[in-house]
>>> print(open('model-v5.cif').read())   # mmCIF, C-alpha atoms
data_my_file
loop_
_atom_site.group_PDB
_atom_site.id
_atom_site.type_symbol
_atom_site.label_atom_id
_atom_site.label_comp_id
_atom_site.auth_asym_id
_atom_site.auth_seq_id
_atom_site.Cartn_x
_atom_site.Cartn_y
_atom_site.Cartn_z
ATOM 1 C CA MET A 1 -26.303 -33.825 -2.368
ATOM 2 C CA ALA A 2 -27.023 -30.464 -4.062
ATOM 3 C CA ASP A 3 -27.903 -28.916 -0.705
ATOM 4 C CA GLU A 4 -24.471 -29.535 0.816
ATOM 5 C CA VAL A 5 -22.800 -26.368 1.985
ATOM 6 C CA VAL A 6 -19.139 -25.533 2.277
ATOM 7 C CA VAL A 7 -17.876 -23.308 5.064
ATOM 8 C CA LEU A 8 -15.469 -20.841 3.468
ATOM 9 C CA GLY A 9 -14.448 -19.336 6.773
ATOM 10 C CA MET A 10 -15.543 -17.546 9.901
ATOM 11 C CA ILE A 11 -16.510 -13.895 10.044
ATOM 12 C CA ASP A 12 -16.496 -11.553 13.035
ATOM 13 C CA PHE A 13 -17.388 -7.875 13.042
ATOM 14 C CA GLU A 14 -18.416 -5.065 15.321
ATOM 15 C CA LEU A 15 -20.907 -2.305 14.632
ATOM 16 C CA PRO A 16 -20.954 1.011 16.495
ATOM 17 C CA PHE A 17 -24.459 0.520 17.879
ATOM 18 C CA ASP A 18 -25.296 -0.065 21.542
ATOM 19 C CA ILE A 19 -27.527 -2.890 22.677
ATOM 20 C CA PRO A 20 -29.469 -1.486 25.626
ATOM 21 C CA ARG A 21 -30.102 -3.354 28.876
ATOM 22 C CA TYR A 22 -28.233 -6.537 28.126
ATOM 23 C CA SER A 23 -24.962 -8.211 29.011
ATOM 24 C CA GLY A 24 -23.615 -11.514 27.809
ATOM 25 C CA ASP A 25 -24.039 -13.391 24.520
ATOM 26 C CA MET A 26 -27.158 -14.165 22.494
ATOM 27 C CA ARG A 27 -28.171 -15.784 19.223
ATOM 28 C CA ARG A 28 -29.178 -13.536 16.323
ATOM 29 C CA ASP A 29 -32.878 -14.302 16.774
ATOM 30 C CA GLN A 30 -32.691 -13.305 20.448
ATOM 31 C CA LEU A 31 -31.343 -9.892 19.469
ATOM 32 C CA ALA A 32 -34.559 -9.164 17.535
ATOM 33 C CA GLU A 33 -36.601 -9.846 20.667
ATOM 34 C CA LEU A 34 -34.432 -7.497 22.727
ATOM 35 C CA SER A 35 -33.843 -4.593 20.329
ATOM 36 C CA LYS A 36 -35.431 -4.260 16.896
ATOM 37 C CA PRO A 37 -33.117 -1.328 15.945
ATOM 38 C CA ALA A 38 -29.986 -3.331 16.887
ATOM 39 C CA ALA A 39 -31.312 -6.393 15.046
ATOM 40 C CA GLY A 40 -31.984 -4.191 12.025
ATOM 41 C CA GLU A 41 -28.395 -2.873 12.053
ATOM 42 C CA LEU A 42 -27.060 -6.431 12.233
ATOM 43 C CA TYR A 43 -29.375 -7.573 9.432
ATOM 44 C CA VAL A 44 -28.229 -4.719 7.164
ATOM 45 C CA ALA A 45 -24.546 -5.489 7.833
ATOM 46 C CA ILE A 46 -24.972 -9.193 7.063
ATOM 47 C CA MET A 47 -27.036 -8.462 3.940
ATOM 48 C CA GLN A 48 -24.369 -6.047 2.644
ATOM 49 C CA ILE A 49 -21.694 -8.739 2.833
ATOM 50 C CA GLU A 50 -23.930 -11.444 1.324
ATOM 51 C CA THR A 51 -25.137 -9.153 -1.485
ATOM 52 C CA LEU A 52 -21.635 -7.965 -2.324
ATOM 53 C CA LEU A 53 -20.410 -11.562 -2.668
ATOM 54 C CA GLU A 54 -23.495 -12.578 -4.662
ATOM 55 C CA HIS A 55 -22.916 -9.734 -7.132
ATOM 56 C CA ARG A 56 -19.218 -10.529 -7.383
ATOM 57 C CA TYR A 57 -19.628 -14.255 -8.046
ATOM 58 C CA GLY A 58 -23.184 -14.654 -9.323
ATOM 59 C CA GLN A 59 -23.878 -17.234 -6.609
ATOM 60 C CA THR A 60 -25.636 -17.100 -3.237
ATOM 61 C CA PHE A 61 -23.461 -16.749 -0.142
ATOM 62 C CA ARG A 62 -24.853 -16.777 3.396
ATOM 63 C CA ILE A 63 -23.579 -15.930 6.842
ATOM 64 C CA ALA A 64 -24.946 -18.617 9.137
ATOM 65 C CA ASP A 65 -25.003 -18.983 12.896
ATOM 66 C CA GLY A 66 -22.994 -16.487 14.889
ATOM 67 C CA VAL A 67 -23.325 -14.962 18.316
ATOM 68 C CA VAL A 68 -23.995 -11.352 19.317
ATOM 69 C CA SER A 69 -22.346 -9.828 22.378
ATOM 70 C CA ALA A 70 -23.517 -6.829 24.345
ATOM 71 C CA GLY A 71 -22.063 -3.340 24.280
ATOM 72 C CA SER A 72 -21.693 -2.360 20.670
ATOM 73 C CA ILE A 73 -22.999 -5.059 18.336
ATOM 74 C CA LYS A 74 -20.205 -7.637 18.382
ATOM 75 C CA PHE A 75 -21.013 -10.435 15.958
ATOM 76 C CA ARG A 76 -18.674 -13.415 16.019
ATOM 77 C CA ASP A 77 -18.338 -16.987 14.834
ATOM 78 C CA GLY A 78 -20.549 -16.446 11.798
ATOM 79 C CA GLN A 79 -19.937 -19.066 9.129
ATOM 80 C CA LEU A 80 -19.616 -17.786 5.567
ATOM 81 C CA ILE A 81 -21.214 -20.574 3.539
ATOM 82 C CA VAL A 82 -21.983 -21.379 -0.079
ATOM 83 C CA THR A 83 -23.457 -24.514 -1.640
ATOM 84 C CA ALA A 84 -20.932 -27.003 -2.966
ATOM 85 C CA PRO A 85 -22.310 -26.857 -6.558
ATOM 86 C CA ALA A 86 -22.116 -23.032 -6.550
ATOM 87 C CA LEU A 87 -18.537 -23.163 -5.267
ATOM 88 C CA ALA A 88 -17.634 -25.718 -7.942
ATOM 89 C CA TYR A 89 -19.022 -23.352 -10.589
ATOM 90 C CA ILE A 90 -16.915 -20.473 -9.216
ATOM 91 C CA LEU A 91 -13.767 -22.593 -9.048
ATOM 92 C CA VAL A 92 -14.203 -23.929 -12.586
ATOM 93 C CA GLY A 93 -14.411 -20.305 -13.707
ATOM 94 C CA TYR A 94 -11.229 -19.437 -11.817
ATOM 95 C CA SER A 95 -9.442 -22.435 -13.272
ATOM 96 C CA PHE A 96 -10.597 -21.680 -16.817
ATOM 97 C CA VAL A 97 -9.893 -17.936 -16.799
ATOM 98 C CA VAL A 98 -6.614 -17.961 -14.898
ATOM 99 C CA GLY A 99 -5.440 -21.482 -15.681
ATOM 100 C CA TYR A 100 -4.519 -22.552 -12.164
ATOM 101 C CA PRO A 101 -2.587 -25.841 -12.213
ATOM 102 C CA ASP A 102 -4.441 -27.331 -9.253
ATOM 103 C CA LEU A 103 -7.544 -26.954 -7.148
ATOM 104 C CA ARG A 104 -5.694 -25.565 -4.127
ATOM 105 C CA SER A 105 -4.435 -22.573 -6.140
ATOM 106 C CA GLY A 106 -7.957 -21.771 -7.294
ATOM 107 C CA VAL A 107 -9.352 -22.078 -3.775
ATOM 108 C CA LEU A 108 -6.591 -19.828 -2.395
ATOM 109 C CA ALA A 109 -7.302 -17.172 -5.026
ATOM 110 C CA MET A 110 -11.045 -17.297 -4.407
ATOM 111 C CA LEU A 111 -10.642 -17.067 -0.607
ATOM 112 C CA GLY A 112 -8.307 -14.098 -1.092
ATOM 113 C CA ASP A 113 -10.895 -12.390 -3.292
ATOM 114 C CA VAL A 114 -13.632 -13.071 -0.722
ATOM 115 C CA ASN A 115 -11.470 -11.461 1.956
ATOM 116 C CA LEU A 116 -10.883 -8.385 -0.234
ATOM 117 C CA ALA A 117 -14.591 -8.126 -0.981
ATOM 118 C CA ILE A 118 -15.444 -8.243 2.722
ATOM 119 C CA GLU A 119 -12.862 -5.539 3.401
ATOM 120 C CA THR A 120 -14.673 -3.206 0.978
ATOM 121 C CA VAL A 121 -17.619 -3.019 3.393
ATOM 122 C CA ALA A 122 -15.275 -2.598 6.374
ATOM 123 C CA PRO A 123 -15.842 1.184 6.741
ATOM 124 C CA MET A 124 -19.317 0.518 8.172
ATOM 125 C CA PHE A 125 -17.786 -1.697 10.872
ATOM 126 C CA THR A 126 -15.729 -0.808 13.919
ATOM 127 C CA SER A 127 -13.786 -3.977 13.082
ATOM 128 C CA VAL A 128 -14.152 -6.906 10.689
ATOM 129 C CA LEU A 129 -12.238 -10.164 10.396
ATOM 130 C CA PHE A 130 -12.599 -12.995 7.894
ATOM 131 C CA ALA A 131 -10.703 -16.138 8.904
ATOM 132 C CA PRO A 132 -10.721 -18.418 5.849
ATOM 133 C CA GLN A 133 -11.068 -22.165 6.081
ATOM 134 C CA SER A 134 -7.968 -24.096 5.011
ATOM 135 C CA PRO A 135 -7.804 -24.448 1.202
ATOM 136 C CA GLU A 136 -7.370 -28.207 1.596
ATOM 137 C CA LYS A 137 -10.615 -28.533 3.563
ATOM 138 C CA VAL A 138 -12.542 -26.416 1.045
ATOM 139 C CA ALA A 139 -11.066 -28.421 -1.846
ATOM 140 C CA ASP A 140 -11.968 -31.728 -0.167
ATOM 141 C CA GLU A 141 -15.576 -30.600 0.238
ATOM 142 C CA VAL A 142 -16.044 -29.374 -3.335
ATOM 143 C CA ILE A 143 -14.066 -31.903 -5.411
ATOM 144 C CA LEU A 144 -16.997 -34.261 -6.018
ATOM 145 C CA PHE A 145 -19.081 -31.382 -7.390
ATOM 146 C CA LEU A 146 -16.573 -30.482 -10.085
ATOM 147 C CA PRO A 147 -17.224 -31.686 -13.629
ATOM 148 C CA PRO A 148 -15.611 -35.077 -14.381
ATOM 149 C CA ASP A 149 -13.146 -33.585 -16.889
ATOM 150 C CA VAL A 150 -11.912 -31.132 -14.246
ATOM 151 C CA GLN A 151 -11.609 -33.966 -11.716
ATOM 152 C CA ARG A 152 -9.571 -35.947 -14.263
ATOM 153 C CA ARG A 153 -7.310 -32.967 -14.923
ATOM 154 C CA LEU A 154 -6.601 -32.721 -11.212
ATOM 155 C CA GLY A 155 -5.747 -36.407 -10.929
ATOM 156 C CA ARG A 156 -5.547 -39.581 -12.993
ATOM 157 C CA GLU A 157 -8.737 -41.615 -13.331
ATOM 158 C CA GLY A 158 -9.056 -43.981 -10.405
ATOM 159 C CA ASP A 159 -6.606 -41.927 -8.324
ATOM 160 C CA PRO A 160 -7.674 -39.310 -5.847
ATOM 161 C CA PRO A 161 -7.522 -35.806 -7.325
ATOM 162 C CA GLN A 162 -4.378 -33.787 -6.715
ATOM 163 C CA LEU A 163 -5.499 -31.077 -4.342
ATOM 164 C CA LEU A 164 -2.037 -29.737 -3.562
ATOM 165 C CA THR A 165 0.921 -28.945 -5.751
ATOM 166 C CA ASN A 166 4.213 -30.588 -4.904
ATOM 167 C CA GLN A 167 6.015 -28.298 -2.504
#
>>> encode(input="model-v5.cif", output="C-alpha cells")
Amino acid sequence: MADEVVVLGMIDFELPFDIPRYSGDMRRDQLAELSKPAAGELYVAIMQIETLLEHRYGQTFRIADGVVSAGSIKFRDGQLIVTAPALAYILVGYSFVVGYPDLRSGVLAMLGDVNLAIETVAPMFTSVLFAPQSPEKVADEVILFLPPDVQRRLGREGDPPQLLTNQ
C-alpha cells in the first residue's frame, strides 16, 4: 500500500536540441540508444523538474513514462507522480498551515504550486505544459493515506470523507 503512486498530472515540454537521423516517436530508453547527447539533455530537463519539486516539498516526485518525438526533443505524456503517503504528508501540511476547509481546496492549492514551480524552469524549454489531474481524482487516491483525525475532519465517522465543498 505504501508504494501506491498518485498521478498529479501530465507534463509535456520541448527542448531546443535536434535528434539526428530519426523521425517518429520513441520511448525515453530508445533515445539513449540513438543519441547519447539528446538523451542527456532530456535527463537533465527531467531531473531539474523533479529536483525542484523535491526541494520545494521535501518529498520525491518523478516524471514517469512519456514519449519523445523527433526534430527538437519533444517530450510528451510524461506522468508527474508522487507516492500516496508523501502526497498525504504534503496535503496535511497545506491543511494545517493554511487551514483549508476541505481536501479539494488543499489539492487545488498544491497543484497550482506545482504548476508555478514547473514554470520556473520554463526558460530552458522551448515550451512546457503541465496539465493537472482533476482535484477530485487526486483526493480520491490520497484520502486513505491521511491520518484518521484528518479523515474524520473531512467527514463524519462511517461516512465517506467530504472531498468537495458545497457549491
>>> resolve_selection(input="model-v5.cif", expression="the PyMOL selection byres ((chain A and resi 128-135) around 8)", output="list in words")
Val7, Leu8, Gly9, Met10, Ile11, Asp12, Phe13, Glu14, Arg104, Val107, Leu108, Leu111, Asn115, Ile118, Glu119, Ala122, Phe125, Thr126, Ser127, Glu136, Lys137, Val138 and Ala139 of chain A
>>> closest_residue(input="model-v5.cif", among="A:Gly71, A:Pro85, A:Pro147, A:Gly66", to="Ile19 (chain A)", atoms="all atoms listed in the file")
A:Gly71
>>> atom_distance(input="model-v5.cif", atom1="CA of Leu91 (chain A)", atom2="CA of His55 (chain A)")
15.9 Å
>>> resolve_selection(input="model-v5.cif", expression="the PyMOL selection byres ((chain A and resi 50) around 10)", output="list in words")
Val44, Ala45, Ile46, Met47, Gln48, Ile49, Thr51, Leu52, Leu53, Glu54, His55, Arg56, Gln59, Thr60, Phe61, Arg62, Ile63, Leu80, Ile81 and Ile118 of chain A
>>> atom_distance(input="model-v5.cif", atom1="CA of Tyr43 (chain A)", atom2="CA of Glu4 (chain A)")
24.1 Å
